[in-house]
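**Q** So here's query25.cif (mmCIF, C-alpha atoms and all ligand atoms).
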data_final
#
loop_
_atom_site.label_atom_id
_atom_site.label_comp_id
_atom_site.auth_asym_id
_atom_site.auth_seq_id
_atom_site.Cartn_x
_atom_site.Cartn_y
_atom_site.Cartn_z
CA MET A 29 -92.63 -95.78 -178.95
CA ARG A 30 -90.58 -97.92 -176.64
CA GLU A 31 -90.74 -96.93 -173.01
CA ILE A 32 -87.35 -95.92 -171.68
CA CYS A 33 -86.04 -96.26 -168.13
CA TYR A 34 -84.63 -92.88 -167.21
CA LYS A 35 -82.18 -94.30 -164.71
CA CYS A 36 -80.24 -96.62 -167.00
CA PHE A 37 -81.48 -95.20 -170.32
CA ARG A 38 -82.49 -98.61 -171.56
CA PRO A 39 -85.84 -99.82 -172.88
CA LYS A 40 -87.97 -100.76 -169.87
CA ALA A 41 -88.20 -104.35 -171.07
CA SER A 42 -84.43 -104.81 -170.73
CA CYS A 43 -83.73 -102.31 -167.96
CA TYR A 44 -80.63 -103.13 -165.89
CA CYS A 45 -81.83 -101.45 -162.71
CA LYS A 46 -83.25 -104.66 -161.25
CA TYR A 47 -79.72 -106.13 -161.15
CA THR A 48 -78.20 -103.19 -159.32
CA ALA A 49 -77.69 -102.68 -155.60
CA PRO A 50 -76.07 -99.76 -153.78
CA VAL A 51 -72.37 -100.10 -152.96
CA ASN A 52 -71.88 -97.76 -150.01
CA CYS A 53 -68.13 -97.37 -150.27
CA ASN A 54 -67.71 -93.83 -148.92
CA VAL A 55 -65.98 -92.70 -152.12
CA LYS A 56 -67.39 -90.18 -154.54
CA PHE A 57 -67.08 -91.10 -158.22
CA VAL A 58 -67.38 -88.68 -161.10
CA PHE A 59 -67.56 -90.08 -164.63
CA LEU A 60 -66.51 -87.71 -167.36
CA MET A 61 -68.06 -88.59 -170.69
CA HIS A 62 -67.52 -87.31 -174.17
CA PRO A 63 -70.90 -85.96 -175.38
CA LYS A 64 -70.84 -88.23 -178.42
CA GLU A 65 -70.23 -91.30 -176.29
CA ALA A 66 -72.77 -90.32 -173.65
CA LYS A 67 -75.45 -90.93 -176.27
CA ARG A 68 -74.11 -94.32 -177.27
CA GLN A 69 -74.88 -96.92 -174.65
CA ARG A 70 -72.88 -99.73 -176.13
CA THR A 71 -69.35 -98.97 -175.07
CA GLY A 72 -69.20 -97.09 -171.80
CA THR A 73 -69.96 -98.80 -168.53
CA GLY A 74 -69.79 -95.62 -166.46
CA ARG A 75 -73.54 -95.18 -166.51
CA LEU A 76 -73.97 -98.77 -165.37
CA ALA A 77 -71.45 -98.21 -162.56
CA SER A 78 -73.21 -95.05 -161.46
CA LEU A 79 -76.40 -97.06 -160.89
CA CYS A 80 -74.62 -98.98 -158.12
CA LEU A 81 -72.69 -96.05 -156.65
CA PRO A 82 -75.03 -93.80 -154.64
CA ASP A 83 -72.50 -90.98 -154.44
CA SER A 84 -71.61 -90.68 -158.10
CA GLU A 85 -72.41 -88.45 -161.01
CA ILE A 86 -71.87 -88.21 -164.74
CA ILE A 87 -70.66 -85.00 -166.31
CA THR A 88 -70.45 -84.71 -170.07
CA GLY A 89 -68.08 -82.47 -171.96
CA ILE A 90 -64.75 -82.29 -173.75
CA ASP A 91 -63.08 -79.28 -172.18
CA PHE A 92 -63.83 -79.28 -168.45
CA THR A 93 -61.68 -76.31 -167.46
CA LYS A 94 -64.75 -74.10 -167.16
CA ASN A 95 -67.27 -76.78 -166.29
CA GLU A 96 -69.13 -75.28 -163.35
CA ARG A 97 -70.10 -78.51 -161.65
CA LEU A 98 -66.68 -80.12 -161.92
CA CYS A 99 -64.86 -76.95 -160.83
CA ALA A 100 -67.13 -76.69 -157.77
CA LEU A 101 -66.39 -80.30 -156.83
CA LEU A 102 -62.66 -79.89 -157.32
CA LYS A 103 -62.47 -76.96 -154.93
CA ASP A 104 -64.89 -78.35 -152.36
CA PRO A 105 -62.79 -78.79 -149.18
CA GLN A 106 -64.63 -81.97 -148.17
CA TYR A 107 -63.04 -83.87 -151.07
CA TYR A 108 -59.59 -85.03 -152.02
CA PRO A 109 -59.81 -85.30 -155.83
CA VAL A 110 -57.71 -87.76 -157.83
CA LEU A 111 -57.74 -88.85 -161.45
CA LEU A 112 -57.87 -92.54 -162.21
CA TYR A 113 -54.96 -92.86 -164.58
CA PRO A 114 -52.17 -95.39 -164.87
CA GLY A 115 -48.55 -94.40 -164.59
CA GLU A 116 -45.34 -94.71 -162.64
CA ASP A 117 -46.19 -91.56 -160.68
CA ALA A 118 -49.72 -92.67 -159.80
CA HIS A 119 -50.60 -93.26 -156.17
CA THR A 120 -52.36 -96.42 -155.19
CA ALA A 121 -54.56 -97.31 -152.22
CA SER A 122 -51.45 -98.54 -150.40
CA SER A 123 -49.37 -95.38 -150.92
CA PRO A 124 -48.73 -93.77 -147.50
CA ILE A 125 -48.90 -90.37 -149.19
CA LEU A 126 -52.50 -91.02 -150.25
CA LYS A 127 -53.58 -91.58 -146.65
CA GLN A 128 -51.65 -88.49 -145.63
CA ASN A 129 -53.16 -86.25 -148.31
CA LEU A 130 -56.62 -87.66 -147.77
CA SER A 131 -56.58 -86.84 -144.06
CA ASP A 132 -60.26 -86.66 -143.06
CA ARG A 133 -61.52 -85.78 -146.53
CA LYS A 134 -63.58 -87.99 -148.79
CA LEU A 135 -61.84 -89.47 -151.79
CA LEU A 136 -63.22 -88.07 -155.04
CA VAL A 137 -62.26 -90.30 -157.96
CA ILE A 138 -62.53 -88.77 -161.41
CA ILE A 139 -62.83 -91.40 -164.15
CA ILE A 140 -62.80 -90.63 -167.83
CA ASP A 141 -65.38 -93.00 -169.29
CA SER A 142 -64.43 -92.80 -172.93
CA THR A 143 -62.43 -94.55 -175.58
CA TRP A 144 -58.68 -94.09 -175.37
CA PHE A 145 -58.76 -91.67 -178.28
CA CYS A 146 -61.44 -89.40 -176.79
CA SER A 147 -59.88 -89.57 -173.32
CA LYS A 148 -56.60 -88.22 -174.62
CA LYS A 149 -58.36 -85.32 -176.26
CA MET A 150 -60.43 -84.56 -173.15
CA LEU A 151 -57.31 -84.57 -170.98
CA ARG A 152 -55.41 -82.32 -173.35
CA TYR A 153 -58.13 -79.66 -173.07
CA SER A 154 -59.00 -80.17 -169.42
CA THR A 155 -55.91 -79.00 -167.57
CA ASN A 156 -57.88 -78.90 -164.30
CA VAL A 157 -58.33 -82.66 -164.66
CA SER A 158 -54.94 -83.62 -166.11
CA SER A 159 -53.15 -81.76 -163.29
CA LEU A 160 -54.88 -83.77 -160.56
CA PRO A 161 -52.88 -86.34 -158.57
CA LYS A 162 -53.01 -89.62 -160.45
CA PHE A 163 -54.44 -92.69 -158.86
CA SER A 164 -54.21 -96.27 -160.02
CA PHE A 165 -54.17 -99.90 -158.92
CA TYR A 166 -51.34 -101.89 -157.39
CA GLY A 167 -52.91 -105.09 -158.70
CA LYS A 168 -52.83 -106.14 -162.34
CA TYR A 169 -56.26 -106.90 -163.70
CA LYS A 170 -57.65 -108.16 -166.94
CA SER A 171 -61.13 -107.43 -168.12
CA ILE A 172 -63.54 -110.36 -167.93
CA PHE A 173 -64.86 -109.24 -171.26
CA THR A 174 -64.28 -106.56 -173.86
CA PHE A 175 -66.77 -105.32 -176.41
CA LYS A 176 -64.41 -102.89 -177.95
CA HIS A 177 -61.01 -103.70 -179.24
CA GLU A 178 -58.96 -102.24 -176.45
CA PRO A 179 -55.45 -101.10 -177.28
CA SER A 180 -54.01 -103.33 -174.58
CA GLU A 181 -55.15 -106.07 -172.30
CA TYR A 182 -54.52 -103.81 -169.32
CA CYS A 183 -57.52 -101.73 -170.23
CA ILE A 184 -60.36 -102.72 -168.03
CA SER A 185 -63.85 -101.33 -168.27
CA THR A 186 -64.92 -98.37 -166.16
CA ILE A 187 -67.22 -100.54 -164.06
CA GLU A 188 -64.44 -103.06 -163.35
CA SER A 189 -62.12 -100.18 -162.46
CA CYS A 190 -64.60 -99.07 -159.79
CA TYR A 191 -64.85 -102.62 -158.52
CA TYR A 192 -61.09 -103.17 -158.14
CA LEU A 193 -60.54 -99.72 -156.77
CA ILE A 194 -63.06 -100.28 -153.99
CA LYS A 195 -61.46 -103.68 -153.23
CA GLU A 196 -57.98 -102.14 -152.96
CA LEU A 197 -59.27 -99.28 -150.79
CA GLN A 198 -60.90 -101.86 -148.53
CA GLU A 199 -57.65 -103.82 -148.29
CA ASN A 200 -56.08 -100.63 -146.97
CA ALA A 201 -58.89 -99.66 -144.62
CA LEU A 202 -59.78 -96.64 -146.77
CA ALA A 203 -63.27 -97.92 -147.56
CA PRO A 204 -65.69 -99.66 -145.18
CA ALA A 205 -65.10 -103.42 -145.13
CA GLU A 206 -68.84 -104.10 -145.10
CA ALA A 207 -69.41 -102.36 -148.45
CA ASP A 208 -69.91 -105.19 -150.93
CA PRO A 209 -68.72 -104.19 -154.42
CA GLU A 210 -70.10 -107.38 -156.09
CA PRO A 211 -73.22 -105.65 -157.51
CA LEU A 212 -70.88 -103.85 -159.90
CA LEU A 213 -69.72 -107.13 -161.42
CA ILE A 214 -73.17 -108.67 -161.32
CA VAL A 215 -74.72 -105.92 -163.41
CA PHE A 216 -71.71 -105.91 -165.75
CA LYS A 217 -72.16 -109.65 -166.39
CA ARG A 218 -75.86 -109.08 -167.08
CA MET A 219 -74.96 -106.44 -169.62
CA ILE A 220 -72.50 -108.79 -171.33
CA GLN A 221 -75.09 -111.53 -171.42
CA PHE A 222 -77.72 -109.21 -172.83
CA GLN A 223 -75.42 -107.85 -175.51
CA LEU A 224 -74.22 -111.30 -176.57
CA GLU A 225 -77.79 -112.53 -176.82
CA LYS A 226 -78.73 -109.51 -178.94
CA GLU A 227 -75.69 -110.07 -181.11
CA ASN A 228 -76.58 -113.74 -181.62
CA GLU A 229 -80.14 -112.81 -182.55
CA ARG A 230 -78.75 -110.43 -185.14
CA ILE A 231 -76.42 -113.06 -186.57
CA GLU A 232 -79.23 -115.61 -186.71
CA SER A 233 -81.49 -113.19 -188.53
CA GLY A 234 -78.77 -112.48 -191.08
CA LEU A 235 -78.82 -108.73 -190.51
CA PRO A 236 -75.57 -106.83 -190.92
CA GLY A 237 -73.86 -105.42 -187.84
CA THR A 238 -74.24 -101.81 -186.85
CA HIS A 239 -70.53 -101.41 -186.12
CA ALA A 240 -67.77 -101.81 -188.65
CA TYR A 241 -66.03 -104.57 -186.70
CA ASP A 242 -69.26 -106.55 -186.39
CA MET A 243 -69.02 -107.39 -190.07
CA TYR A 244 -66.35 -109.92 -189.29
CA TYR A 245 -68.49 -111.69 -186.73
CA THR A 246 -70.94 -114.01 -188.36
CA LYS A 247 -70.43 -116.91 -186.01
CA LYS A 248 -72.70 -117.15 -183.02
CA LYS A 249 -70.97 -116.21 -179.81
CA GLU A 250 -70.57 -118.48 -176.88
CA ILE A 251 -72.06 -117.11 -173.64
CA PRO A 252 -69.05 -117.21 -171.27
CA ASP A 253 -69.01 -119.57 -168.29
CA PHE A 254 -68.75 -116.83 -165.72
CA ILE A 255 -72.28 -115.79 -166.69
CA LYS A 256 -73.73 -119.30 -166.77
CA GLU A 257 -72.38 -119.90 -163.27
CA SER A 258 -73.84 -116.79 -161.73
ZN ZN B 301 -83.30 -98.96 -165.61
#
Please express the file's structure as structure tokens.
**A**
Amino acid sequence: MREICYKCFRPKASCYCKYTAPVNCNVKFVFLMHPKEAKRQRTGTGRLASLCLPDSEIITGIDFTKNERLCALLKDPQYYPVLLYPGEDAHTASSPILKQNLSDRKLLVIIIDSTWFCSKKMLRYSTNVSSLPKFSFYGKYKSIFTFKHEPSEYCISTIESCYYLIKELQENALAPAEADPEPLLIVFKRMIQFQLEKENERIESGLPGTHAYDMYYTKKKEIPDFIKES
């Protein structure tokens, strides 16, 4: 049996932990995962992000209204909980009202680390999450890479969301300037590299893909420049 790393849930031979470093950003992150997706390591990057964020946790479920751990966090007076979710009514790091509401509390960012389809379902059930103040970016970002076929180019991965969020909080003096969020991108690039290499090995060996959309990819993939450079 292959030995598994219980931090990143990867085989020890290709464990990502060696590429991680703590990002001490004074923000608490909670990643909500659909139980089905929590098992699959391919799509979500929440687990990868949590390896770099010392004050973060992953909670799995679909309906969180009675989830003990999440409910306890949401009513803990030391936190100001927000839901990372785009929208006209979403606050950003530069909204004066965010600073006001935050006061001396710690920002607690809830991120749904799931496909768009599962996220919608989770939000429909979890009224304690969907009723939270919404929080988003003021910048427009594009993902450096997508494994899944995202419904729009504005969808960035969970790990990139954490990265840009910390940057924007820093720009507004809501996160310590000395906290370096780069480890988040570094480990994300490593994951991309690893997955592309695996995919190329599969193509070379002539094995069929494990995902339906892989069937269309029989050409070896180019390892992007941003990985070669780093
Ligand atoms: Zn590991």
**Q** Each residue of stretch 131-205 of chain A lying at most 6 Å from stretch 77-101 of chain A should get a row with its shortest atom-to-atom pair and the distance in Å to one decimal, counting all atoms listed in the file; could you produce that, ordered by chain and increasing number, as CSV?
**A**
residue,atom,partner,partner_atom,distance
A:Met150,CA,A:Ile90,CA,4.9
A:Tyr153,CA,A:Asp91,CA,5.0
A:Ser154,CA,A:Asp91,CA,5.0
A:Asn156,CA,A:Thr93,CA,5.6
A:Ile187,CA,A:Ala77,CA,5.1
**Q** As a ChimeraX atom specification, please: every protein or nucleic acid residue near ligand ZN 301 (chain B) (cut-off 8 Å, counting all atoms listed in the file).
**A** /A:32-40,42-46
**Q** Atoms to include: C-alpha atoms. Write the selected residues as a PDB file, in the coordinates of the input.
**A**
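Generated output (part_0.pdb):
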ATOM      1  CA  ILE A  32     -87.350 -95.920-171.680  1.00  0.00           C
ATOM      2  CA  CYS A  33     -86.040 -96.260-168.130  1.00  0.00           C
ATOM      3  CA  TYR A  34     -84.630 -92.880-167.210  1.00  0.00           C
ATOM      4  CA  LYS A  35     -82.180 -94.300-164.710  1.00  0.00           C
ATOM      5  CA  CYS A  36     -80.240 -96.620-167.000  1.00  0.00           C
ATOM      6  CA  PHE A  37     -81.480 -95.200-170.320  1.00  0.00           C
ATOM      7  CA  ARG A  38     -82.490 -98.610-171.560  1.00  0.00           C
ATOM      8  CA  PRO A  39     -85.840 -99.820-172.880  1.00  0.00           C
ATOM      9  CA  LYS A  40     -87.970-100.760-169.870  1.00  0.00           C
ATOM     10  CA  SER A  42     -84.430-104.810-170.730  1.00  0.00           C
ATOM     11  CA  CYS A  43     -83.730-102.310-167.960  1.00  0.00           C
ATOM     12  CA  TYR A  44     -80.630-103.130-165.890  1.00  0.00           C
ATOM     13  CA  CYS A  45     -81.830-101.450-162.710  1.00  0.00           C
ATOM     14  CA  LYS A  46     -83.250-104.660-161.250  1.00  0.00           C
TER      15      LYS A  46
END
**Q** Name the closest residue to A:Lys134 among the candidates A:Ile251, A:Val55, A:Leu193, A:Ile214; distances are taken between atoms, counting all atoms listed in the file.
**A** A:Val55
**Q** If I take atom CA of A:Lys162 and atom CA of A:Ile139, how far is one from the other in Å, to one decimal?
**A**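 Computing the Euclidean distance for atom CA of A:Lys162 and atom CA of A:Ile139 yields 10.6 Å.
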**Q** Select, from A:Phe165, A:Phe145, A:Phe173, A:Tyr108, the residue with the minimum atom-to-atom distance to A:Leu130, counting all atoms listed in the file.
**A**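 Using all atoms listed in the file, A:Leu130 sits closest to A:Tyr108.
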**Q** Using Å and a single decimal, report how far atom CA of A:Ser185 sits from atom CA of A:Leu202.
**A**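 Pair atom CA of A:Leu202 / atom CA of A:Ser185 returns 22.4 Å.
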**Q** If you count all atoms listed in the file, which residues fall within 10 Å of A:Tyr191, apart from same-chain ones fewer than 2 positions away, as a PyMOL selection string?
**A** chain A and resi 51+77+185-189+193-196+208-213
**Q** Taking into account only C-alpha atoms, which residue in the set A:Phe222, A:Pro114, A:Lys56, A:Ile140 is nearest to A:Lys168?
**A**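 Of A:Phe222, A:Pro114, A:Lys56, A:Ile140, the one nearest A:Lys168, counting only C-alpha atoms, is A:Pro114.
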**Q** Quote the spacing between atom CA of A:Asn54 and atom CA of A:Thr155 in Å to one decimal place.
**A**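 Between atom CA of A:Asn54 and atom CA of A:Thr155 the gap is 26.6 Å.
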**Q** Select, from A:Ile184, A:Ala41, A:Leu111, A:Leu126, the residue with the minimum atom-to-atom distance to A:Leu60, counting all atoms listed in the file.
**A** A:Leu111
**Q** Skipping near chain neighbours, those fewer than 3 positions away, what residues fall within 9 Å of A:Pro204 using all atoms listed in the file, listed as a list in words?
**A**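 That gives Asn52, Cys53, Asn54, Leu197, Gln198, Ala201 and Ala207 of chain A.
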**Q** Excluding same-chain residues fewer than 2 positions from A:Ser131, what lies within 12 Å of it counting all atoms listed in the file, as number ranges by chain?
**A** A: 105-108, 124-129, 133-135, 202
**Q** Check the smallest atom-to-atom distance from each of A:His62, A:Arg218, A:Lys249, A:Arg75 to A:Thr143 using all atoms listed in the file, then report the winner.
**A** A:His62
